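The structure file upload13.txt is reproduced below (compact mmCIF, C-alpha atoms and all ligand atoms).
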# COMPACT_ATOMS: atom_id res chain seq x y z
CA MET A 1 0.00 0.00 0.00
CA ASN A 2 1.39 3.38 -1.01
CA LEU A 3 0.49 6.65 0.66
CA ASP A 4 -0.44 9.57 -1.48
CA GLN A 5 1.19 12.88 -0.47
CA ASN A 6 -2.27 14.50 -0.63
CA GLN A 7 -3.52 12.16 2.07
CA ILE A 8 -0.73 13.31 4.36
CA GLN A 9 -1.35 16.93 3.44
CA GLN A 10 -5.06 16.71 4.20
CA HIS A 11 -4.36 15.02 7.51
CA ASN A 12 -1.81 17.67 8.45
CA ASP A 13 -4.16 20.47 7.42
CA SER A 14 -6.80 19.11 9.76
CA LEU A 15 -4.39 19.14 12.72
CA ILE A 16 -2.20 22.12 11.97
CA SER A 17 -3.88 24.81 14.08
CA ASN A 18 -3.90 22.63 17.18
CA HIS A 19 -0.29 21.69 16.49
CA GLN A 20 0.79 25.32 16.17
CA VAL A 21 -0.69 26.15 19.56
CA ARG A 22 1.18 23.29 21.20
CA LEU A 23 4.41 24.14 19.42
CA ASN A 24 4.18 27.81 20.37
CA ASN A 25 3.63 26.85 23.99
CA LEU A 26 6.79 24.79 23.83
CA LYS A 27 8.70 27.63 22.22
CA ASN A 28 7.61 29.93 25.06
CA GLU A 29 8.46 27.37 27.68
CA TRP A 30 11.94 26.73 26.22
CA ASN A 31 12.59 30.36 25.41
CA GLY A 32 16.33 30.94 24.92
CA ILE A 33 16.99 27.35 23.81
CA ASP A 34 17.74 26.71 20.15
CA LEU A 35 14.78 24.47 19.34
CA GLU A 36 15.55 24.67 15.63
CA LYS A 37 18.69 22.66 16.22
CA VAL A 38 16.73 20.06 18.16
CA ILE A 39 14.10 19.82 15.43
CA GLN A 40 16.77 19.30 12.77
CA LYS A 41 18.34 16.52 14.83
CA LEU A 42 14.93 14.88 15.08
CA VAL A 43 14.44 15.16 11.32
CA ASP A 44 17.79 13.44 10.75
CA PHE A 45 17.32 10.63 13.26
CA GLN A 46 16.28 7.32 11.69
CA ILE A 47 15.47 4.00 13.31
CA ALA A 48 15.76 0.80 11.32
CA ILE A 49 12.78 -1.52 11.27
CA PRO A 50 13.49 -5.25 11.57
CA SER A 51 12.24 -7.30 8.65
CA TRP A 52 11.28 -10.02 11.12
CA ALA A 53 8.88 -7.83 13.08
CA LEU A 54 6.36 -6.97 10.39
CA GLY A 55 4.12 -9.90 11.10
CA THR A 56 2.34 -11.22 14.13
CA GLY A 57 4.71 -12.50 16.77
CA GLY A 58 4.18 -15.48 18.96
CA THR A 59 5.42 -17.18 22.07
CA ARG A 60 6.31 -20.79 22.60
CA PHE A 61 2.72 -21.26 23.72
CA GLY A 62 1.19 -20.19 20.48
CA ARG A 63 0.70 -17.64 17.83
CA PHE A 64 -2.58 -15.89 17.18
CA ALA A 65 -3.28 -14.33 13.83
CA ILE A 66 -4.30 -10.80 14.61
CA SER A 67 -4.22 -8.49 11.73
CA GLY A 68 -3.96 -10.33 8.44
CA GLY A 69 -2.36 -8.64 5.48
CA GLU A 70 1.08 -9.65 6.71
CA PRO A 71 3.87 -9.20 4.16
CA ARG A 72 4.41 -12.41 2.18
CA ASN A 73 7.88 -11.66 0.89
CA ILE A 74 10.75 -9.24 1.14
CA GLU A 75 9.15 -6.88 -1.40
CA GLU A 76 6.05 -6.55 0.77
CA LYS A 77 8.18 -6.11 3.87
CA ILE A 78 9.93 -3.22 2.17
CA ALA A 79 6.53 -1.79 1.25
CA ASP A 80 5.45 -1.98 4.90
CA VAL A 81 8.56 -0.19 6.11
CA GLY A 82 8.05 2.33 3.29
CA LEU A 83 4.55 2.96 4.62
CA LEU A 84 5.89 3.53 8.13
CA HIS A 85 8.55 5.87 6.80
CA ALA A 86 6.02 7.84 4.76
CA LEU A 87 3.96 8.25 7.92
CA ASN A 88 6.75 9.23 10.31
CA ASN A 89 9.90 10.00 8.30
CA ALA A 90 11.84 8.25 11.06
CA SER A 91 11.93 4.67 9.79
CA GLY A 92 14.23 5.13 6.84
CA ALA A 93 15.99 1.79 7.03
CA ILE A 94 15.28 -1.92 7.18
CA SER A 95 17.35 -4.54 8.93
CA LEU A 96 17.22 -7.97 7.28
CA HIS A 97 17.47 -11.35 8.95
CA ILE A 98 18.90 -14.04 6.70
CA PRO A 99 17.71 -16.66 5.75
CA TRP A 100 14.26 -15.44 6.85
CA ASP A 101 14.67 -12.91 4.06
CA ILE A 102 16.85 -13.72 1.11
CA PRO A 103 16.94 -11.14 -1.65
CA GLN A 104 16.86 -13.15 -4.87
CA ASN A 105 17.66 -10.16 -6.99
CA PRO A 106 19.59 -7.66 -4.85
CA GLU A 107 19.70 -4.97 -7.54
CA GLU A 108 15.91 -4.99 -7.88
CA ILE A 109 15.44 -5.07 -4.11
CA LYS A 110 17.81 -2.16 -3.70
CA LYS A 111 15.90 -0.20 -6.34
CA LEU A 112 12.60 -0.97 -4.65
CA ALA A 113 13.92 0.19 -1.27
CA ALA A 114 15.24 3.39 -2.85
CA GLN A 115 11.75 4.12 -4.19
CA TYR A 116 10.59 4.25 -0.58
CA ASN A 117 13.68 6.19 0.45
CA LEU A 118 14.91 3.28 2.53
CA LYS A 119 18.43 2.07 3.23
CA PHE A 120 19.59 -1.32 4.40
CA ASP A 121 20.81 -1.30 7.95
CA ALA A 122 22.67 -4.17 9.61
CA VAL A 123 22.16 -7.63 8.16
CA ASN A 124 21.59 -10.36 10.73
CA SER A 125 22.77 -13.94 10.54
CA ASN A 126 20.78 -16.83 11.94
CA THR A 127 22.61 -19.76 13.46
CA PHE A 128 19.98 -20.29 16.13
CA GLN A 129 17.67 -22.38 13.97
CA ASP A 130 18.32 -25.31 11.69
CA GLN A 131 17.14 -24.71 8.17
CA PRO A 132 15.48 -27.47 6.11
CA GLY A 133 18.10 -29.67 4.49
CA GLN A 134 20.93 -28.28 6.60
CA PRO A 135 23.66 -30.96 6.82
CA LEU A 136 24.60 -30.41 10.49
CA SER A 137 22.67 -29.13 13.49
CA TYR A 138 23.00 -26.07 15.72
CA LYS A 139 21.35 -27.90 18.59
CA PHE A 140 24.50 -27.60 20.68
CA GLY A 141 25.63 -24.25 19.40
CA SER A 142 27.11 -22.77 16.28
CA LEU A 143 30.30 -20.71 16.54
CA GLN A 144 31.09 -22.35 19.89
CA HIS A 145 30.38 -25.91 18.78
CA VAL A 146 32.72 -28.72 19.82
CA ASP A 147 32.64 -29.99 16.23
CA LYS A 148 34.73 -27.90 13.88
CA ALA A 149 32.50 -28.82 10.96
CA VAL A 150 29.50 -27.16 12.62
CA ARG A 151 31.58 -24.09 13.39
CA LYS A 152 32.67 -23.96 9.77
CA MET A 153 29.09 -24.15 8.56
CA ALA A 154 28.10 -21.28 10.86
CA ILE A 155 31.11 -19.20 9.76
CA GLU A 156 30.25 -19.73 6.12
CA HIS A 157 26.67 -18.69 6.75
CA ASN A 158 27.84 -15.44 8.32
CA ILE A 159 30.17 -14.77 5.41
CA GLU A 160 27.29 -15.41 3.02
CA VAL A 161 25.19 -12.91 4.98
CA ILE A 162 27.95 -10.33 4.58
CA ARG A 163 27.92 -11.00 0.82
CA GLN A 164 24.16 -10.46 0.71
CA GLY A 165 24.54 -7.28 2.72
CA VAL A 166 27.24 -5.92 0.42
CA ALA A 167 24.94 -6.43 -2.56
CA LEU A 168 22.26 -4.35 -0.81
CA GLY A 169 24.52 -1.55 0.39
CA SER A 170 24.35 -2.56 4.04
CA GLU A 171 27.41 -1.70 6.14
CA SER A 172 27.19 -3.91 9.19
CA LEU A 173 26.64 -7.45 10.35
CA THR A 174 24.88 -8.26 13.61
CA VAL A 175 25.84 -11.57 15.13
CA TRP A 176 23.55 -12.85 17.83
CA LEU A 177 24.38 -16.31 19.08
CA ALA A 178 21.97 -18.58 20.89
CA ASP A 179 25.09 -20.54 21.88
CA GLY A 180 25.47 -21.54 25.49
CA SER A 181 24.44 -24.41 27.70
CA CYS A 182 21.33 -25.54 29.51
CA PHE A 183 22.97 -27.49 32.32
CA PRO A 184 26.02 -27.23 34.55
CA GLY A 185 28.91 -29.28 33.23
CA GLN A 186 27.56 -29.35 29.69
CA LEU A 187 30.16 -26.92 28.42
CA ASN A 188 33.76 -26.06 29.01
CA PHE A 189 33.31 -22.27 29.25
CA ARG A 190 36.88 -21.47 28.25
CA LYS A 191 36.81 -23.71 25.20
CA ALA A 192 33.40 -22.41 24.19
CA PHE A 193 34.74 -18.86 24.39
CA GLU A 194 37.90 -19.74 22.45
CA ASN A 195 35.97 -21.55 19.73
CA THR A 196 33.56 -18.64 19.45
CA LEU A 197 36.36 -16.10 19.26
CA GLU A 198 38.21 -18.10 16.62
CA SER A 199 35.01 -18.39 14.56
CA LEU A 200 34.23 -14.69 14.94
CA GLN A 201 37.78 -13.90 13.82
CA GLU A 202 37.18 -15.75 10.56
CA ILE A 203 33.96 -13.83 10.00
CA TYR A 204 35.64 -10.58 10.95
CA ALA A 205 38.35 -11.24 8.36
CA ALA A 206 35.64 -11.36 5.69
CA LEU A 207 34.23 -7.92 6.59
CA PRO A 208 34.67 -5.23 3.95
CA ALA A 209 36.92 -2.35 5.03
CA ASP A 210 34.07 0.03 5.82
CA TRP A 211 31.89 -2.50 7.63
CA LYS A 212 31.18 -2.96 11.32
CA MET A 213 30.46 -6.15 13.20
CA PHE A 214 27.97 -5.92 16.07
CA VAL A 215 28.27 -8.59 18.73
CA GLU A 216 24.92 -8.83 20.48
CA TYR A 217 24.76 -10.27 23.99
CA LYS A 218 21.91 -11.91 25.83
CA ALA A 219 21.75 -13.18 29.40
CA PHE A 220 19.58 -16.22 28.78
CA GLU A 221 17.26 -17.96 26.32
CA PRO A 222 17.22 -20.32 24.51
CA ASN A 223 20.02 -21.59 26.75
CA PHE A 224 19.17 -21.23 30.41
CA TYR A 225 22.35 -22.06 32.31
CA SER A 226 25.01 -20.14 30.38
CA THR A 227 25.19 -18.01 27.29
CA THR A 228 28.47 -17.74 25.44
CA VAL A 229 27.97 -14.02 24.77
CA GLY A 230 25.98 -13.48 27.95
CA ASP A 231 26.54 -9.87 28.89
CA TRP A 232 28.15 -6.64 27.81
CA GLY A 233 31.46 -7.63 29.42
CA GLN A 234 31.71 -10.76 27.34
CA SER A 235 30.63 -8.96 24.20
CA LEU A 236 33.20 -6.24 24.87
CA LEU A 237 35.85 -8.90 25.36
CA TYR A 238 35.11 -10.43 21.96
CA ALA A 239 34.84 -7.01 20.30
CA SER A 240 38.13 -5.84 21.81
CA LYS A 241 39.96 -8.99 20.77
CA LEU A 242 38.47 -8.86 17.27
CA GLY A 243 39.55 -5.33 16.42
CA GLU A 244 38.36 -1.85 15.63
CA LYS A 245 35.51 -2.89 13.35
CA ALA A 246 33.85 -4.93 16.10
CA TYR A 247 31.41 -3.39 18.56
CA THR A 248 28.93 -4.36 21.23
CA LEU A 249 25.23 -4.25 20.42
CA VAL A 250 22.80 -3.53 23.24
CA ASP A 251 19.35 -5.10 23.02
CA LEU A 252 17.30 -3.58 25.83
CA GLY A 253 15.63 -6.89 26.69
CA HIS A 254 18.82 -8.91 27.06
CA HIS A 255 19.80 -8.08 30.62
CA LEU A 256 19.25 -9.65 33.98
CA PRO A 257 16.51 -7.87 35.94
CA ASN A 258 17.27 -4.33 37.08
CA ALA A 259 20.56 -4.04 35.20
CA ASN A 260 21.65 -0.43 34.88
CA ILE A 261 21.58 -0.24 31.10
CA GLU A 262 22.32 3.49 30.99
CA GLN A 263 25.60 2.91 32.79
CA ILE A 264 26.51 0.09 30.41
CA VAL A 265 25.81 2.41 27.49
CA SER A 266 27.91 5.20 28.97
CA LEU A 267 30.94 3.00 29.51
CA LEU A 268 30.73 1.30 26.13
CA LEU A 269 30.60 4.73 24.51
CA MET A 270 33.57 5.84 26.57
CA GLU A 271 35.50 2.86 25.25
CA GLY A 272 34.43 3.58 21.67
CA LYS A 273 32.84 0.14 21.57
CA LEU A 274 29.14 0.83 21.49
CA GLY A 275 27.94 -0.23 18.06
CA GLY A 276 24.21 -0.07 18.14
CA PHE A 277 20.88 -0.81 19.67
CA HIS A 278 17.96 -3.12 19.48
CA PHE A 279 15.13 -1.13 21.05
CA ASN A 280 12.20 -2.78 22.76
CA ASP A 281 10.79 -2.84 26.27
CA SER A 282 10.31 -5.46 28.91
CA LYS A 283 8.79 -6.11 32.27
CA TYR A 284 10.50 -9.42 33.04
CA GLY A 285 13.00 -10.60 30.44
CA ASP A 286 13.31 -10.54 26.69
CA ASP A 287 9.65 -9.60 26.36
CA ASP A 288 10.15 -7.69 23.09
CA LEU A 289 7.34 -5.26 23.94
CA THR A 290 6.74 -1.86 22.38
CA THR A 291 9.62 0.49 23.17
CA GLY A 292 8.69 2.91 25.93
CA SER A 293 5.56 1.01 26.91
CA ILE A 294 6.87 -0.19 30.29
CA LYS A 295 9.90 1.87 31.31
CA PRO A 296 9.89 5.20 29.49
CA TYR A 297 12.09 6.79 32.19
CA GLN A 298 14.76 4.16 31.61
CA LEU A 299 14.59 4.85 27.88
CA PHE A 300 15.10 8.55 28.56
CA LEU A 301 18.02 7.86 30.91
CA ILE A 302 19.64 5.71 28.22
CA PHE A 303 19.25 8.51 25.67
CA ASN A 304 20.56 10.96 28.21
CA GLU A 305 23.80 8.95 28.39
CA LEU A 306 23.86 8.47 24.64
CA VAL A 307 23.60 12.17 23.89
CA GLU A 308 26.11 13.12 26.58
CA GLY A 309 28.56 10.41 25.52
CA MET A 310 28.24 11.00 21.78
CA ASP A 311 28.65 14.76 22.22
CA ALA A 312 31.75 14.20 24.34
CA LYS A 313 33.24 12.43 21.33
CA ASN A 314 31.79 14.69 18.67
CA MET A 315 29.86 11.81 17.19
CA ASP A 316 27.05 12.34 14.72
CA HIS A 317 23.92 11.18 16.55
CA ALA A 318 22.14 9.99 13.45
CA THR A 319 24.91 8.04 11.74
CA SER A 320 27.59 6.90 14.14
CA LEU A 321 25.59 4.15 15.83
CA GLY A 322 23.17 1.54 14.52
CA TRP A 323 19.64 2.35 15.71
CA MET A 324 17.28 -0.58 15.30
CA ILE A 325 14.09 -1.91 16.79
CA ASP A 326 13.84 -5.57 17.74
CA ALA A 327 10.35 -6.33 18.91
CA SER A 328 7.54 -8.81 18.62
CA HIS A 329 3.84 -8.12 18.48
CA ASN A 330 1.59 -10.70 20.04
CA VAL A 331 -1.52 -8.64 20.54
CA LYS A 332 -1.08 -5.48 18.48
CA ASP A 333 -1.11 -4.69 14.79
CA PRO A 334 2.64 -4.91 14.04
CA LEU A 335 2.71 -1.64 12.11
CA GLU A 336 0.88 0.24 14.85
CA ASP A 337 3.26 -1.24 17.41
CA LEU A 338 6.26 -0.10 15.36
CA LEU A 339 4.82 3.41 14.98
CA GLN A 340 4.45 3.58 18.76
CA SER A 341 8.02 2.34 19.30
CA VAL A 342 9.50 4.89 16.93
CA GLU A 343 7.49 7.67 18.55
CA ALA A 344 8.71 6.66 22.02
CA ILE A 345 12.32 6.61 20.82
CA MET A 346 11.99 10.05 19.24
CA ILE A 347 10.44 11.51 22.38
CA ALA A 348 13.19 10.07 24.60
CA TYR A 349 15.81 11.42 22.19
CA ALA A 350 14.18 14.87 22.16
CA GLN A 351 14.07 14.90 25.96
CA ALA A 352 17.73 13.95 26.16
CA LEU A 353 18.65 16.71 23.70
CA LEU A 354 17.02 19.26 25.99
CA VAL A 355 18.72 18.26 29.22
CA ASP A 356 20.52 21.29 30.61
CA ARG A 357 24.03 19.80 30.42
CA LYS A 358 25.83 22.77 31.96
CA ALA A 359 23.53 22.86 34.94
CA LEU A 360 23.72 19.08 35.34
CA THR A 361 27.52 19.11 35.27
CA ALA A 362 27.58 21.89 37.84
CA ALA A 363 25.13 20.07 40.08
CA GLN A 364 27.18 16.87 39.75
CA GLN A 365 30.36 18.77 40.66
CA ASN A 366 28.63 20.19 43.73
CA ASN A 367 27.23 16.82 44.75
CA ASP A 368 23.82 18.47 44.57
CA VAL A 369 21.92 15.25 44.20
CA VAL A 370 18.52 16.88 44.50
CA GLN A 371 19.29 19.34 41.72
CA CYS A 372 20.61 16.53 39.46
CA GLN A 373 17.28 14.78 39.74
CA GLU A 374 15.35 18.02 39.21
CA ILE A 375 17.26 18.72 35.99
CA LEU A 376 16.73 15.27 34.53
CA GLN A 377 13.09 15.04 35.49
CA HIS A 378 12.34 18.54 34.24
CA THR A 379 12.88 17.42 30.64
CA PHE A 380 11.53 13.93 31.21
CA ARG A 381 8.27 15.40 32.44
CA SER A 382 8.03 17.94 29.65
CA ASP A 383 5.65 17.04 26.90
CA LEU A 384 7.83 17.31 23.78
CA ARG A 385 5.47 15.54 21.41
CA ALA A 386 4.84 18.73 19.45
CA LEU A 387 8.57 19.01 18.72
CA VAL A 388 8.69 15.49 17.35
CA ALA A 389 5.55 16.20 15.32
CA GLU A 390 7.09 19.40 13.97
CA ALA A 391 10.11 17.41 12.76
CA ARG A 392 7.74 15.11 10.91
CA LEU A 393 5.79 18.01 9.44
CA ARG A 394 8.94 19.59 8.06
CA ALA A 395 10.00 16.32 6.48
CA GLY A 396 6.64 15.90 4.73
CA ALA A 397 5.37 13.18 7.06
CA ALA A 398 2.23 13.03 9.18
CA LEU A 399 1.61 15.08 12.30
CA SER A 400 -0.01 12.05 13.88
CA PRO A 401 1.16 8.87 12.09
CA LEU A 402 -0.92 6.48 14.13
CA SER A 403 -4.19 8.33 13.64
CA LEU A 404 -3.54 8.68 9.92
CA TYR A 405 -2.76 4.96 9.70
CA ARG A 406 -6.08 4.26 11.39
CA ASN A 407 -8.10 6.88 9.54
CA LEU A 408 -6.94 5.51 6.21
CA ASN A 409 -7.77 1.95 7.29
CA CYS A 410 -4.30 0.89 6.22
CA ARG A 411 -4.59 -2.57 7.73
CA LYS A 412 -7.86 -3.19 5.92
CA THR A 413 -6.22 -2.25 2.63
CA LEU A 414 -3.28 -4.55 3.36
CA VAL A 415 -5.68 -7.41 4.11
CA GLN A 416 -7.50 -6.72 0.84
CA GLU A 417 -4.20 -6.69 -1.06
CA ARG A 418 -2.60 -9.71 0.58
CA GLY A 419 -5.34 -11.74 2.17
CA GLN A 420 -6.40 -12.63 5.69
CA GLY A 421 -4.20 -15.64 6.26
CA THR A 422 -0.77 -14.41 5.23
CA VAL A 423 2.11 -15.12 7.60
CA ALA A 424 5.36 -13.18 7.55
CA THR A 425 8.66 -14.95 8.17
CA GLY A 426 10.33 -14.24 11.49
CA LEU A 427 9.85 -15.29 15.05
C1 LIG B 1 17.47 -12.64 20.09
O1 LIG B 1 16.59 -12.64 21.14
C2 LIG B 1 17.34 -11.38 19.24
O2 LIG B 1 17.31 -10.25 20.07
C3 LIG B 1 18.43 -11.26 18.22
O3 LIG B 1 18.67 -9.92 17.89
C4 LIG B 1 17.83 -11.97 17.07
O4 LIG B 1 18.47 -11.68 15.88
C5 LIG B 1 16.40 -11.44 17.13
O5 LIG B 1 16.13 -11.42 18.53
C6 LIG B 1 15.38 -12.24 16.40
O6 LIG B 1 15.30 -13.52 16.91
MN MN B 2 18.02 -8.33 19.38
Go ahead and express the file in the form of structure tokens.
Ligand code: PSV
Ligand code: MN
Amino acid sequence: MNLDQNQIQQHNDSLISNHQVRLNNLKNEWNGIDLEKVIQKLVDFQIAIPSWALGTGGTRFGRFAISGGEPRNIEEKIADVGLLHALNNASGAISLHIPWDIPQNPEEIKKLAAQYNLKFDAVNSNTFQDQPGQPLSYKFGSLQHVDKAVRKMAIEHNIEVIRQGVALGSESLTVWLADGSCFPGQLNFRKAFENTLESLQEIYAALPADWKMFVEYKAFEPNFYSTTVGDWGQSLLYASKLGEKAYTLVDLGHHLPNANIEQIVSLLLMEGKLGGFHFNDSKYGDDDLTTGSIKPYQLFLIFNELVEGMDAKNMDHATSLGWMIDASHNVKDPLEDLLQSVEAIMIAYAQALLVDRKALTAAQQNNDVVQCQEILQHTFRSDLRALVAEARLRAGAALSPLSLYRNLNCRKTLVQERGQGTVATGL
């Protein structure tokens, strides 16, 4: 389904006067602050949409068809991300998971994506599932496996994913390993680490000069006793040993309960080893819920560290890290869920941009703990939605993407185009 620019225009016209009032209030409230700069940063900021999150998610207990009209192939996935991007101008990239999505004709796929103004973000390998006809099994791990032949198969898969990514103009590979063990004694930790490192080194050697490798960590699941890249320390260890093109990727749902993710982010940035993000939210574990739906303050605190840390190193906010969503949608329309996630990310980013850094530094220097909290919560409690909407307006997108999506009955159109029973590949 393609959006017509007139549909966006009409929608914006109907909301513009209300929007102007809200924006002017913000301008008055933040008098003396260069809001233009903030708006431009919001216009530039893009969050990649995962190709595996465009359909209905499920749990190990079941999967319920919710919306219908799910994309049946990579072309339709690109169309869905194109629709999101037309609505919010903040979803200008797609992150592919291979082999869930294999571009048969990369040139054509690249052209199609360009029509929607989309780029290809990190490509993701999959050595956590066996594919039909696969000669060996990943049941006991992939890059860590005790059998060199399994390791070789997993290495080759990753190198093939790089090849696919090169053809699409992607510039990074995300490696997430399900490797680990379910029971004490099952694994020699040191050997598992060494095998994994050796395998990653072979993959790293196949990276093009301008590529990055993101090593994603996860505390548990599907292995429940140990994970071979279990936390940011282990990921950093691999990334440091691999070299300057290797970085740690932080997925917000991959920590043990109550981990201080903002501190992790700050230190990884300090070390120049933070590569990117998988945004989502969680109450208990890797729940893959809509970003900002459970812990919006944590999301803001993470962005607060990101902005502070990136500015300290003169990094371009929009381009120097990989910004991706990694979520699942068990009860919501996937596209609505993704619109909500992107909106939450943009709001947290806007809030972080407006933190009074000078005052915060001074309060920190004076050990004025009360004032530190006041400063942070002042922006966190400010309603900056009109700023984010203004960024969209200026970029030709919708003032209220979700209401336009609903008003245009986008899901109904997608069901009409693709059918009720379509199932997208992914988890
Ligand atoms: C694993 O839980 C993960 O976060 C990794 O990023 C995978 O690539 C993705 O989810 C999809 O399974
Ligand atoms: Mn992830």
Please identify the residues whose atoms come within 9 Å of ligand LIG 1 (chain B), using only C-alpha atoms and all ligand atoms, and report them as a ChimeraX atom specification. /A:50,52-53,97,124-126,128,174-178,216-218,220-222,251-254,278,286,288,326-328,426-427
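Closest approach to A:Gly141 among A:Trp30, A:Phe193, A:Phe120, A:Tyr297 is made by A:Phe193 (distances from only C-alpha atoms).
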Choose the residue, out of A:Tyr349, A:Phe214, A:Phe61, A:Tyr238, that has the smallest atom-to-atom separation from ligand MN 2 (chain B); count all atoms listed in the file. A:Phe214
Within 6 Å of (29.9, -3.4, 9.9) in the file's own coordinates, which protein, DNA or RNA residues have an atom, counting only C-alpha atoms? List them as a PDB file with C-alpha atoms, keeping the file's coordinate frame.
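Final output, saved to point.pdb:
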ATOM      1  CA  GLU A 171      27.410  -1.700   6.140  1.00  0.00           C
ATOM      2  CA  SER A 172      27.190  -3.910   9.190  1.00  0.00           C
ATOM      3  CA  LEU A 173      26.640  -7.450  10.350  1.00  0.00           C
ATOM      4  CA  TRP A 211      31.890  -2.500   7.630  1.00  0.00           C
ATOM      5  CA  LYS A 212      31.180  -2.960  11.320  1.00  0.00           C
ATOM      6  CA  MET A 213      30.460  -6.150  13.200  1.00  0.00           C
TER       7      MET A 213
END
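Closest approach to ligand MN 2 (chain B) from the set A:Leu83, A:Leu42, A:Ile162, A:Val215 is made by A:Val215, with distances taken over only C-alpha atoms and all ligand atoms.
If you count only C-alpha atoms and ignore residues fewer than 6 places along the chain from A:Leu136, what sits within 10 Å of it is Asp130, Ser142, Asp147, Ala149, Val150, Arg151, Met153 and Ala154 of chain A.
The neighbours of A:Arg392 here are the residues that come within 10 Å of it, using only C-alpha atoms and leaving out any residue fewer than 4 positions away in the same chain; they are Ile39, Leu42, Val43, Ala86, Leu87, Asn88, Asn89, Ala90, Ala386, Leu387, Val388, Gly396, Ala397, Ala398, Leu399, Ser400 and Pro401 of chain A.
Shortest separation to A:Ile102 among A:Arg60, A:Lys77, A:Arg394, A:His329 occurs at residue A:Lys77, atoms counted being all atoms listed in the file.
Between ligand MN 2 (chain B) and the candidates A:Ile49, A:Ile155, A:Ala359, A:Gly55, the tightest atom-to-atom separation, counting all atoms listed in the file, involves A:Ile49.
Compared by their closest atoms to A:Met346, and using all atoms listed in the file, the residues A:Met1, A:Met270, A:Val38, A:Leu414 rank with A:Val38 nearest.
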Which residues are close to A:Arg22, i.e. within 12 Å by only C-alpha atoms, leaving aside same-chain residues fewer than 5 positions away? Reply as an mmCIF file with C-alpha atoms, in the frame of the given file.
data_model
loop_
_atom_site.group_PDB
_atom_site.id
_atom_site.type_symbol
_atom_site.label_atom_id
_atom_site.label_comp_id
_atom_site.auth_asym_id
_atom_site.auth_seq_id
_atom_site.Cartn_x
_atom_site.Cartn_y
_atom_site.Cartn_z
ATOM 1 C CA LEU A 15 -4.390 19.140 12.720
ATOM 2 C CA ILE A 16 -2.200 22.120 11.970
ATOM 3 C CA SER A 17 -3.880 24.810 14.080
ATOM 4 C CA LYS A 27 8.700 27.630 22.220
ATOM 5 C CA ASN A 28 7.610 29.930 25.060
ATOM 6 C CA GLU A 29 8.460 27.370 27.680
ATOM 7 C CA ASP A 383 5.650 17.040 26.900
ATOM 8 C CA LEU A 384 7.830 17.310 23.780
ATOM 9 C CA ARG A 385 5.470 15.540 21.410
ATOM 10 C CA ALA A 386 4.840 18.730 19.450
ATOM 11 C CA LEU A 387 8.570 19.010 18.720
ATOM 12 C CA VAL A 388 8.690 15.490 17.350
ATOM 13 C CA ALA A 389 5.550 16.200 15.320
ATOM 14 C CA GLU A 390 7.090 19.400 13.970
#
With 12 Å as the threshold, what does the neighbourhood of (39.3, -20.5, 21.4) contain in terms of residues, counting only C-alpha atoms? Coordinates are those of the file; answer as a compact mmCIF listing (two decimals) with C-alpha atoms, in the frame of the given file.
# COMPACT_ATOMS: atom_id res chain seq x y z
CA LEU A 143 30.30 -20.71 16.54
CA GLN A 144 31.09 -22.35 19.89
CA HIS A 145 30.38 -25.91 18.78
CA VAL A 146 32.72 -28.72 19.82
CA LYS A 148 34.73 -27.90 13.88
CA ARG A 151 31.58 -24.09 13.39
CA ASN A 188 33.76 -26.06 29.01
CA PHE A 189 33.31 -22.27 29.25
CA ARG A 190 36.88 -21.47 28.25
CA LYS A 191 36.81 -23.71 25.20
CA ALA A 192 33.40 -22.41 24.19
CA PHE A 193 34.74 -18.86 24.39
CA GLU A 194 37.90 -19.74 22.45
CA ASN A 195 35.97 -21.55 19.73
CA THR A 196 33.56 -18.64 19.45
CA LEU A 197 36.36 -16.10 19.26
CA GLU A 198 38.21 -18.10 16.62
CA SER A 199 35.01 -18.39 14.56
CA LEU A 200 34.23 -14.69 14.94
CA GLN A 201 37.78 -13.90 13.82
CA THR A 228 28.47 -17.74 25.44
CA TYR A 238 35.11 -10.43 21.96
CA LYS A 241 39.96 -8.99 20.77
